[in-house]
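**Student:** Questions regarding the structure given below will be posed in turn.
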Amino acid sequence: MDTTPQNALFHTLSAEQVASLLEVDLRDGLSDQQVAQRSAIYGANELREKRRTTLAEKFIAQFKDAMILILLAAAVIAGAIGEISDTVVILIIVILNATIGLIQEYRAERAVDALKRMTEPEARIRRGGHLQSIPSTQLVPGDVVSIEAGNVVTADLRLFEVADCELDEAALTGESFTVTKQEEQLDDAELPVGDRSNMAFKGTNVTRGRALGVVVATGHQTELGKIADLLKTSGTVLTPLQHRLERFGGKLAVAILIIAAVVFFAGLARGEEVMLMLLTAISLAVAAIPEALPAAVTISLAMGAQKMGKHNALMRRLPTVESLGSVTYICSDKTGTLTSNRMRVERIDADGTSINSLSEIDIGSEPWQWLGRLLALSTDVTLDEHDEPLGDPTEVALYLGALDGGIRKHDIETDFPRIAELAFDTSRRAMTTLHTIGDEVVAFTKGAPEAVIPCCTKQLHSTGDEAIDQQEILQQAEEMATEGYRVLALAMRRFPHLPDCITQECIETELVLLGLVGLIDPPRTEVPAAISACKTAGINPVMITGDHPATASAIARRLDIASDIEVMKGSDIAALSEEEFADRVEEISVYARVSPEQKIAIVKALQKHGEFVAMTGDGVNDAPALKRATIGIGMGKKGADVAREASDMVLLDDNFATIVHAVSEGRRIFDNIRKFIKYTMTSNAGEVWVLFLAPFIGLPLPLLPVQILWINLVTDGLPGLALSAEHREKGIMSRPPRRPEETIFSHGMWQHVVWVGLFIAALSLGAQAWAFHGGSDNWQTIVFTVLTFSQLMHVLAIRSEQESLFSIGLFSNPALIGAILLTVSLQMMIIYVPFFNEIFHTSPLSAHDLLLCMLLPLVVFVAVEMEKYAVRQGWIYN
Ligand code: ATP
C-alpha cells in the first residue's frame, strides 16, 4: 500500500474491498513489516497540539513581569550615569532568577506531559494473528481493531463484524442520541458522517455491544482530525488556590508599591542619592511582590502529581491534587475497588441440590449439561496468547466455572455458533446469547435473579421441565446473597428458528430456569485499614454497587464501612423526591442495585449538603456521574475508556486504598504549599519591615539593592523549594478535611506572617542599631547576614505546622538541609571573598560579629518553636 487511500469512501465499499484496498487480512491483521512501513508513512495516531513554545520563548516570558522590567530599566540607567558594577550584578541576579524559573517550569511541563502519556487509551487489535493491546497512538491504517461497550474509538474504522453495537457520536456530530451500527455496505456516497452506520469514528464512544473494524484513517486524517482545529482548546486551568493567590497578589502588590514609595521618599529625606533610592525601592518591590506564587503552586502540584502517579494514582487534571485534601465523601464501587475482583464460582444451586463446582457432578445429565454449556458459551471472554481468559471478571468467573466441569468453549462453539445476542446492560442486569443447535435455536439468558426469575415459567430438573415457584427461588437467591455471594440466575429457551425480533420482549420471556450460581469476590486485604483511615480523617466511605442489597450489606459489614449499615436500593432513590433523598443521604453508607443515573442523584444530594464528593466509576454510563462529582475517579485496569476520559483521577490498580493514599498525599502537598507560602510571605515581610522601619528609628538604609535581590534569590528561593519535599505531618489523617472555602491564610498563617516578619525585622534592625551606634564599619554586612540567617532559622522551624523540629528529626528533609548549607556557604563567600565584597558591598566580619550573626537568628527559631508549642496545647489559632 503505497498511496493513502484517503479519498476512498469506505462506507460505500464492502468489507472485502476495504481489506484489499488496505492490503490486510481481516482475520490475522497486519504483519509487523506492514506496521513498520505504515508507521513511517502515517506517523503517530494523534492530533498534534498547537505549537509548543520554545525554550527561548519561555525564557523571555520569565521577564514579562512589569516590576522586573522596571528594575532592569532602572539598573541600566543607573549604570549609564554611575557605577556599572551594580548594573551588571543586578542583571546577573535577574537572569539567574529567570533561569531557575525556567528550569522549574520545564520540569513541571515534563511532569504534566508524562501524566498525559500515561492516560492515553489503549486499543485492542489483531496483528500477525495475535490479539494484543497497544497504545492507541501506534495504530496505523489497516489495523484490525476490536471495540466494545465502554471503549473510546481511537481511529476511524470501517466495521465488518457488528454485535448489537451502539455508539454515542456526540463528540463528532453533536447529536446526543446513540447510533446503531451495522456492517453492510452503503450506497450513498454523499451520506453525512452521522449516517455512515458501518463506520466508527475517532473520538466517539461505544455505549453498547461490540464490533470489529479495520482502521481506515488515523490522526489528522480522521473525521475528528479534520475538525480538530475548529475545536476549542482549553487553556491551562488555574486551581482555586491559584485564583485566590493571584487576586491576593494583586492587592498585596499595591500595598508593597506604597511602602516602596515611602522607603524612596524617606531615603531622599535623609539625603540619600536619588538613583540609589530608586533602585532600592524597585528592588524591594521585586523582592516582596510574590508574583511567582501561582507558578510555584503549579510546580508543587505537578511534581506532587508525578509522585502520586508512581503510587498508582494518576492525576488527569492538576486542580485535583489540590482538591483531594477537601474530600469528605468517597463513594466507591464495590466490585474490583473494594473487592479483589478475582471472582470465582463457589456455589451452584440446581435440581434441588447445591454444589461448589461442576467437577462434583455428572455433567452429561440435565440440568447440569445445559447449565455448563450456558456458562461456557454465553460469556464474552477472549483468550490471550497464553490461553488466559480476558474480559469482565463476572464473565471470566463463569467461563472458569464451565472449565471446572471440563466444558471448553472452544470445543463446543462450532456445534453451537452464536448467531445473535442481547448485550449485558447495567440497567436490565441481564444478557442473552442465541445459538443454533441443529435446526433449532437456543437462547441462554443470565443475569440478576430479580431480572431473570420473573421471566421464567418453568425450571429444568433431572426429571424434565417442571413448574417454577418464583418466590421460593427468589428467596433462595436472597439467602445466597446474604452470605456475600454475587448471585446470577441462569435460564434458557428453545426456538424453532431465529425469531424475527431480537429484543428483550421477544426473547427474554417464557424462560426455563437452569439454576443459580453464586460468585465470591473477596474484599481486598488492604481495604479495611484504608476504610478505618478514612473514618479517622473525617471522610465518609460509601459503597455503591449494582449487586443485590444482601450481598452489598454482607461485604460492607466485612469491611466495617459504618457502625450502623443502612442499605438503600436504587429503586428507593427513584421513589423519593430530590429533597426527600437529600434529607436522608447522609445516613446511607451502602447503595445496592444502583443504576448509573442514580449515582448522579447521590452526588447531587451530597453536594447539596456542601460535601466534597470523590466518586469512582468504571462503566460507560458512569461518565456523567464522574463529571458531576467533585473528583471523578476512573479505573486503570478494568472499566471503560469513556469513564476514564470523564474522570479527574485514574486508579492504575483499581484499588480503594490508593484513593485514601492519594488523599493523604494531597493533604501533604497542600500542607507543603502552605509552608512555602508561609515562608515566602514571612521572609518578604521581614525584608519590607527592615527597609520601611529603618528611617523612622534613625538608621541609615539597611540594605543595598543587590543585597535585597540576593536575599530574594538565594534565601527565599532554595530553602523555599526544598519545603516541597517535606514529609507528611504526623496527624495528617486524623484531622478533618480542609474546608474548600477556607483561605490559605487561616489556622494562624496571617498572624504568623505578621508577627514573625516584624520579629525578624526587629532583630535585624537591633543588630544594625547596635553595630551602627557602636561605630562598626560592618553594620551593613551584619544586618544583611542576620536577616539572611534568620530566614534559614525560620524555615527550619516551620517544617512542621505543629511538631517541634526535634520530634520530626533535623535531618528528615535532606533537600532542605542541603539548601540551608548551600545558602550559608554562599553567604560566607559573599562576606569573606574579596571579589564578592566589592560586588555586594560587604566586608569580612570578625569572629565575634559572625558569632553574633549566627546566634541572634536562633532567637527566631526558639520563638517559632514556642508558637508551635502554644498551638499544640490548643492555646492559639484554634
Ligand atoms: P459494582 O458496582 O459493585 O462494581 P457492578 O457495577 O459490577 O457492581 P453490575 O455490573 O451492574 O454491577 O452488575 C449488576 C448485576 O448484574 C450483578 O449483580 C449480576 O447479577 C448481573 N450481572 C453482572 N454481570 C453480568 C453479566 N456479564 N451477564 C449477566 N448478568 C450480569
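So you can find residues: chains in the C-alpha cells are A, B, ... in the order shown, residues in each start at 1, and ligands are numbered from 1 in order.
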For Thr823 (chain A), please output as a PyMOL selection string all residues within 10 Å (counting only C-alpha atoms; exclusion window: fewer than 5 positions along the same chain).

**Tutor:** chain A and resi 711+714-719+788-789+792+817-818+828-829

**Student:** Would you mind listing what lies within 7 Å of Leu224 (chain A) as a ChimeraX atom specification, with only C-alpha atoms counted and same-chain residues fewer than 3 positions away left out?

**Tutor:** /A:172,202-203,227-228

**Student:** Give me, please, the distance in Å between CA of Val112 (chain A) and CA of Leu318 (chain A), quoted to one decimal.

**Tutor:**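 It comes out at 8.4 Å.
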
**Student:** Just the strand (DSSP E or B) stuff from region 348-500 of chain A, please, per backbone DSSP, written as JSON, numbers by chain.

**Tutor:** {"A": [348, 349, 350, 353, 354, 355, 382, 383, 389, 390, 418, 419, 420, 421, 422, 423, 424, 425, 430, 431, 432, 433, 434, 435, 436, 437, 440, 441, 442, 443, 444, 445, 446, 447, 456, 457, 458, 459, 460, 461, 464, 465, 466, 467, 486, 487, 488, 489, 490, 491, 492, 493, 494, 495]}

**Student:** I'd like to know which residues of region 159-408 of chain A are alpha helix (DSSP H) (by DSSP, run on the backbone); could you write them as number ranges by chain?

**Tutor:** A: 170-173, 223-228, 240-269, 274-288, 293-310, 318-323, 368-377, 393-404

**Student:** Which is closer to Ile697 (chain A) than all the others in A:Ala592, A:Ala769, A:Ala114, A:Ile760, using only C-alpha atoms?

**Tutor:**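 Nearest candidate to Ile697 (chain A) out of A:Ala592, A:Ala769, A:Ala114, A:Ile760: A:Ala769.
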
**Student:** Between A:Val864, A:Leu845, A:Leu490, A:Met793, which has the minimum distance to ligand 1 (counting only C-alpha atoms and all ligand atoms)?

**Tutor:**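 Nearest candidate to ligand 1 out of A:Val864, A:Leu845, A:Leu490, A:Met793: A:Leu490.
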
**Student:** I want to know what sits within 10 Å of Ala477 (chain A), based on only C-alpha atoms, with residues of the same chain fewer than 4 positions away left out; could you give that as a VMD selection string?

**Tutor:** chain A and resid 349 448 to 450 453 471 to 473 481 to 482 485 to 489 516 to 518 548 550

**Student:** Quick one: write out the picked residues with C-alpha atoms as an mmCIF file, in the first residue's frame?

**Tutor:**
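Saved to selection.cif:
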data_model
loop_
_atom_site.group_PDB
_atom_site.id
_atom_site.type_symbol
_atom_site.label_atom_id
_atom_site.label_comp_id
_atom_site.auth_asym_id
_atom_site.auth_seq_id
_atom_site.Cartn_x
_atom_site.Cartn_y
_atom_site.Cartn_z
ATOM 1 C CA ASP A 349 -27.803 -24.452 43.086
ATOM 2 C CA ALA A 448 -29.554 -10.810 38.366
ATOM 3 C CA PRO A 449 -32.191 -13.103 39.933
ATOM 4 C CA GLU A 450 -34.834 -10.339 40.104
ATOM 5 C CA ILE A 453 -36.574 -15.303 37.526
ATOM 6 C CA GLN A 471 -40.990 -16.632 45.155
ATOM 7 C CA GLU A 472 -39.179 -19.636 46.516
ATOM 8 C CA ILE A 473 -36.277 -19.266 44.087
ATOM 9 C CA ALA A 481 -26.693 -13.040 48.677
ATOM 10 C CA THR A 482 -26.837 -12.638 52.455
ATOM 11 C CA TYR A 485 -22.340 -14.172 47.048
ATOM 12 C CA ARG A 486 -22.935 -12.283 43.801
ATOM 13 C CA VAL A 487 -25.864 -14.331 42.525
ATOM 14 C CA LEU A 488 -26.822 -14.888 38.906
ATOM 15 C CA ALA A 489 -29.817 -16.829 37.643
ATOM 16 C CA LEU A 516 -28.484 -20.189 40.429
ATOM 17 C CA VAL A 517 -24.789 -19.556 40.580
ATOM 18 C CA GLY A 518 -23.028 -17.798 43.448
ATOM 19 C CA HIS A 548 -28.013 -7.331 45.446
ATOM 20 C CA ALA A 550 -27.928 -8.520 50.765
#

**Student:** Using only C-alpha atoms, which of the listed residues (A:Thr503, A:Ser357, A:Thr432, A:Ser532) sits closest to Leu398 (chain A)?

**Tutor:**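 Of A:Thr503, A:Ser357, A:Thr432, A:Ser532, the one nearest Leu398 (chain A), counting only C-alpha atoms, is A:Ser357.
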
**Student:** Name each residue within 6 Å of ligand 1, counting only C-alpha atoms and all ligand atoms, as an mmCIF file with N, CA and C atoms, in the first residue's frame.

**Tutor:**
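And here's result_32.cif as it stands now:
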data_model
loop_
_atom_site.group_PDB
_atom_site.id
_atom_site.type_symbol
_atom_site.label_atom_id
_atom_site.label_comp_id
_atom_site.auth_asym_id
_atom_site.auth_seq_id
_atom_site.Cartn_x
_atom_site.Cartn_y
_atom_site.Cartn_z
ATOM 1 N N ASP A 333 -17.298 2.105 44.020
ATOM 2 C CA ASP A 333 -17.884 0.860 43.529
ATOM 3 C C ASP A 333 -17.403 -0.272 44.411
ATOM 4 N N LYS A 334 -18.189 -1.292 44.473
ATOM 5 C CA LYS A 334 -17.752 -2.428 45.274
ATOM 6 C C LYS A 334 -16.779 -3.302 44.487
ATOM 7 N N THR A 335 -17.267 -3.786 43.342
ATOM 8 C CA THR A 335 -16.516 -4.823 42.643
ATOM 9 C C THR A 335 -15.205 -4.303 42.083
ATOM 10 N N THR A 394 -16.860 -11.046 36.087
ATOM 11 C CA THR A 394 -18.007 -11.937 36.287
ATOM 12 C C THR A 394 -18.017 -12.988 35.175
ATOM 13 N N GLU A 395 -17.792 -12.538 33.965
ATOM 14 C CA GLU A 395 -17.818 -13.431 32.815
ATOM 15 C C GLU A 395 -16.664 -14.436 32.890
ATOM 16 N N PHE A 424 -25.230 -7.330 27.613
ATOM 17 C CA PHE A 424 -25.483 -7.021 29.024
ATOM 18 C C PHE A 424 -25.620 -5.518 29.178
ATOM 19 N N THR A 426 -26.341 -2.535 32.314
ATOM 20 C CA THR A 426 -26.392 -2.440 33.770
ATOM 21 C C THR A 426 -27.784 -2.089 34.291
ATOM 22 N N ARG A 429 -29.620 -5.582 33.812
ATOM 23 C CA ARG A 429 -28.878 -6.564 34.615
ATOM 24 C C ARG A 429 -29.025 -7.983 34.093
ATOM 25 N N ALA A 430 -29.069 -8.142 32.800
ATOM 26 C CA ALA A 430 -29.126 -9.477 32.231
ATOM 27 C C ALA A 430 -28.530 -9.437 30.843
ATOM 28 N N MET A 431 -28.278 -10.635 30.311
ATOM 29 C CA MET A 431 -27.714 -10.721 28.962
ATOM 30 C C MET A 431 -28.148 -12.037 28.354
ATOM 31 N N LYS A 446 -28.637 -15.010 31.244
ATOM 32 C CA LYS A 446 -28.114 -14.999 32.615
ATOM 33 C C LYS A 446 -28.191 -13.579 33.145
ATOM 34 N N GLY A 447 -28.362 -13.456 34.440
ATOM 35 C CA GLY A 447 -28.444 -12.107 34.998
ATOM 36 C C GLY A 447 -28.883 -12.129 36.443
ATOM 37 N N ALA A 448 -29.137 -10.939 36.971
ATOM 38 C CA ALA A 448 -29.554 -10.810 38.366
ATOM 39 C C ALA A 448 -30.851 -11.594 38.571
ATOM 40 N N ARG A 486 -22.279 -12.969 44.921
ATOM 41 C CA ARG A 486 -22.935 -12.283 43.801
ATOM 42 C C ARG A 486 -23.712 -13.383 43.087
ATOM 43 N N VAL A 487 -25.028 -13.229 43.025
ATOM 44 C CA VAL A 487 -25.864 -14.331 42.525
ATOM 45 C C VAL A 487 -26.361 -14.026 41.117
ATOM 46 N N LEU A 488 -26.257 -15.007 40.251
ATOM 47 C CA LEU A 488 -26.822 -14.888 38.906
ATOM 48 C C LEU A 488 -27.776 -16.050 38.676
ATOM 49 N N ILE A 544 -21.150 1.769 46.613
ATOM 50 C CA ILE A 544 -22.226 1.791 45.623
ATOM 51 C C ILE A 544 -22.051 0.562 44.739
ATOM 52 N N THR A 545 -23.093 -0.193 44.584
ATOM 53 C CA THR A 545 -22.927 -1.407 43.794
ATOM 54 C C THR A 545 -24.173 -1.743 42.989
ATOM 55 N N GLY A 546 -23.943 -2.450 41.906
ATOM 56 C CA GLY A 546 -25.056 -2.944 41.103
ATOM 57 C C GLY A 546 -25.564 -4.267 41.671
ATOM 58 N N ASP A 547 -24.850 -4.772 42.680
ATOM 59 C CA ASP A 547 -25.200 -6.067 43.258
ATOM 60 C C ASP A 547 -26.451 -6.005 44.126
ATOM 61 N N HIS A 548 -26.844 -7.174 44.586
ATOM 62 C CA HIS A 548 -28.013 -7.331 45.446
ATOM 63 C C HIS A 548 -27.766 -6.659 46.804
#

**Student:** Pick out the closest residue to Phe670 (chain A) from this set: A:Val179, A:Leu301, A:Leu511, A:Val706. Count only C-alpha atoms.

**Tutor:**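 So, comparing all the options, the nearest one is A:Leu301.
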
**Student:** Skipping near chain neighbours, those fewer than 6 positions away, what residues fall within 7 Å of region 142-145 of chain A using only C-alpha atoms, listed as a PyMOL selection string?

**Tutor:** chain A and resi 22+24+26+29-30+123-126+212-216

**Student:** Atoms to include: C-alpha atoms. Write the selected residues as a compact mmCIF listing (two decimals), in the first residue's frame.

**Tutor:**
# COMPACT_ATOMS: atom_id res chain seq x y z
CA LEU A 22 -5.71 -1.64 2.67
CA VAL A 24 -4.84 -6.57 5.12
CA LEU A 26 -9.08 -9.24 8.31
CA GLY A 29 -4.39 -8.30 10.89
CA LEU A 30 -1.25 -6.60 9.64
CA ALA A 123 -6.54 -0.18 21.55
CA ARG A 124 -7.24 -3.90 21.32
CA ILE A 125 -6.02 -5.08 17.97
CA ARG A 126 -5.14 -8.15 15.99
CA LEU A 212 -14.60 -5.45 14.79
CA GLY A 213 -13.37 -2.84 12.37
CA VAL A 214 -10.43 -2.04 10.18
CA VAL A 215 -8.62 1.27 10.61
CA VAL A 216 -9.14 3.47 7.56

**Student:** Set the distance at 12 Å and use only C-alpha atoms: which residues neighbour Arg117 (chain A) once local chain neighbours fewer than 3 positions away are removed? I'd like the list as a PyMOL selection string.

**Tutor:** chain A and resi 46+110-114+120-122+135-137+306+309+314-316

**Student:** Kindly save the residues from that selection, with all heavy atoms included, as a CSV table (one decimal), in the first residue's frame.

**Tutor:**
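Saved to selection_13.csv:
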chain,number,residue,atom,x,y,z
A,46,GLU,N,-2.2,10.6,16.4
A,46,GLU,CA,-2.6,11.6,17.4
A,46,GLU,C,-2.9,12.9,16.8
A,46,GLU,O,-2.5,13.2,15.7
A,46,GLU,CB,-1.5,11.7,18.5
A,46,GLU,CG,-0.2,12.1,17.9
A,46,GLU,CD,1.0,12.0,18.9
A,46,GLU,OE1,0.8,11.6,20.0
A,46,GLU,OE2,2.1,12.3,18.5
A,110,ARG,N,7.3,18.8,31.9
A,110,ARG,CA,7.6,17.4,31.6
A,110,ARG,C,6.7,16.5,32.5
A,110,ARG,O,6.3,15.4,32.0
A,110,ARG,CB,9.1,17.2,31.9
A,110,ARG,CG,10.0,17.7,30.9
A,110,ARG,CD,10.6,16.6,30.1
A,110,ARG,NE,11.2,15.6,31.0
A,110,ARG,CZ,12.5,15.6,31.3
A,110,ARG,NH1,13.3,16.4,30.7
A,110,ARG,NH2,13.0,14.6,32.1
A,111,ALA,N,6.5,16.9,33.7
A,111,ALA,CA,5.7,16.0,34.6
A,111,ALA,C,4.3,15.9,34.1
A,111,ALA,O,3.7,14.8,34.1
A,111,ALA,CB,5.7,16.6,36.0
A,112,VAL,N,3.8,17.0,33.6
A,112,VAL,CA,2.4,17.0,33.1
A,112,VAL,C,2.3,16.2,31.8
A,112,VAL,O,1.4,15.4,31.6
A,112,VAL,CB,1.9,18.5,32.9
A,112,VAL,CG1,0.6,18.5,32.1
A,112,VAL,CG2,1.8,19.2,34.2
A,113,ASP,N,3.3,16.3,31.0
A,113,ASP,CA,3.4,15.5,29.7
A,113,ASP,C,3.4,14.0,30.0
A,113,ASP,O,2.7,13.3,29.4
A,113,ASP,CB,4.6,15.8,28.9
A,113,ASP,CG,4.4,17.1,28.1
A,113,ASP,OD1,3.3,17.6,28.1
A,113,ASP,OD2,5.4,17.5,27.4
A,114,ALA,N,4.2,13.7,31.0
A,114,ALA,CA,4.3,12.2,31.4
A,114,ALA,C,3.0,11.7,31.8
A,114,ALA,O,2.6,10.6,31.5
A,114,ALA,CB,5.4,12.1,32.4
A,120,GLU,N,-3.3,7.9,28.1
A,120,GLU,CA,-3.8,7.6,26.7
A,120,GLU,C,-4.5,6.3,26.7
A,120,GLU,O,-4.0,5.3,27.2
A,120,GLU,CB,-2.6,7.5,25.8
A,120,GLU,CG,-2.3,8.8,25.0
A,120,GLU,CD,-0.9,8.8,24.5
A,120,GLU,OE1,-0.3,7.8,24.3
A,120,GLU,OE2,-0.4,10.0,24.3
A,121,PRO,N,-5.6,6.2,25.9
A,121,PRO,CA,-6.3,4.9,25.9
A,121,PRO,C,-5.5,3.9,25.1
A,121,PRO,O,-4.7,4.2,24.2
A,121,PRO,CB,-7.6,5.3,25.2
A,121,PRO,CG,-7.5,6.6,24.6
A,121,PRO,CD,-6.3,7.3,25.2
A,122,GLU,N,-5.8,2.6,25.4
A,122,GLU,CA,-5.2,1.5,24.7
A,122,GLU,C,-6.2,1.1,23.6
A,122,GLU,O,-7.4,1.3,23.6
A,122,GLU,CB,-5.0,0.3,25.6
A,122,GLU,CG,-4.1,0.6,26.8
A,122,GLU,CD,-2.7,0.0,26.5
A,122,GLU,OE1,-2.7,-1.2,26.3
A,122,GLU,OE2,-1.7,0.7,26.5
A,135,PRO,N,-0.8,1.0,22.8
A,135,PRO,CA,-1.2,2.4,23.0
A,135,PRO,C,-1.9,2.9,21.7
A,135,PRO,O,-1.4,2.6,20.6
A,135,PRO,CB,0.1,3.2,23.2
A,135,PRO,CG,1.0,2.1,23.7
A,135,PRO,CD,0.6,0.8,23.0
A,136,SER,N,-3.0,3.5,21.8
A,136,SER,CA,-3.8,3.9,20.5
A,136,SER,C,-3.0,4.8,19.6
A,136,SER,O,-3.3,4.8,18.4
A,136,SER,CB,-5.1,4.5,20.9
A,136,SER,OG,-4.8,5.6,21.7
A,137,THR,N,-2.0,5.4,20.1
A,137,THR,CA,-1.2,6.3,19.2
A,137,THR,C,-0.4,5.5,18.2
A,137,THR,O,0.1,6.0,17.2
A,137,THR,CB,-0.1,7.1,20.0
A,137,THR,OG1,0.5,6.2,20.9
A,137,THR,CG2,-0.8,8.2,20.8
A,306,GLN,N,3.1,13.9,39.8
A,306,GLN,CA,4.1,12.9,39.3
A,306,GLN,C,4.4,11.8,40.3
A,306,GLN,O,4.4,10.6,40.0
A,306,GLN,CB,5.3,13.6,38.8
A,306,GLN,CG,6.2,12.7,37.9
A,306,GLN,CD,7.4,13.5,37.4
A,306,GLN,OE1,7.9,14.3,38.1
A,306,GLN,NE2,7.8,13.2,36.2
A,309,GLY,N,1.5,9.5,40.7
A,309,GLY,CA,1.4,8.6,39.6
A,309,GLY,C,2.2,7.3,39.9
A,309,GLY,O,1.8,6.2,39.5
A,314,LEU,N,-3.2,8.3,39.2
A,314,LEU,CA,-2.8,9.2,38.1
A,314,LEU,C,-3.8,10.4,38.1
A,314,LEU,O,-5.0,10.3,38.0
A,314,LEU,CB,-3.1,8.5,36.8
A,314,LEU,CG,-1.9,8.0,36.0
A,314,LEU,CD1,-2.3,7.3,34.8
A,314,LEU,CD2,-1.1,9.2,35.7
A,315,MET,N,-3.2,11.6,38.1
A,315,MET,CA,-4.0,12.8,38.1
A,315,MET,C,-4.2,13.2,36.6
A,315,MET,O,-3.2,13.5,35.9
A,315,MET,CB,-3.3,14.0,38.8
A,315,MET,CG,-3.0,13.7,40.3
A,315,MET,SD,-4.5,13.5,41.2
A,315,MET,CE,-4.1,12.0,42.1
A,316,ARG,N,-5.4,13.4,36.2
A,316,ARG,CA,-5.7,13.8,34.9
A,316,ARG,C,-5.8,15.3,34.8
A,316,ARG,O,-5.6,15.9,33.7
A,316,ARG,CB,-6.9,13.1,34.3
A,316,ARG,CG,-6.7,11.6,34.2
A,316,ARG,CD,-7.8,11.0,33.4
A,316,ARG,NE,-7.7,11.3,32.0
A,316,ARG,CZ,-8.6,12.0,31.3
A,316,ARG,NH1,-9.7,12.4,31.9
A,316,ARG,NH2,-8.5,12.3,30.1
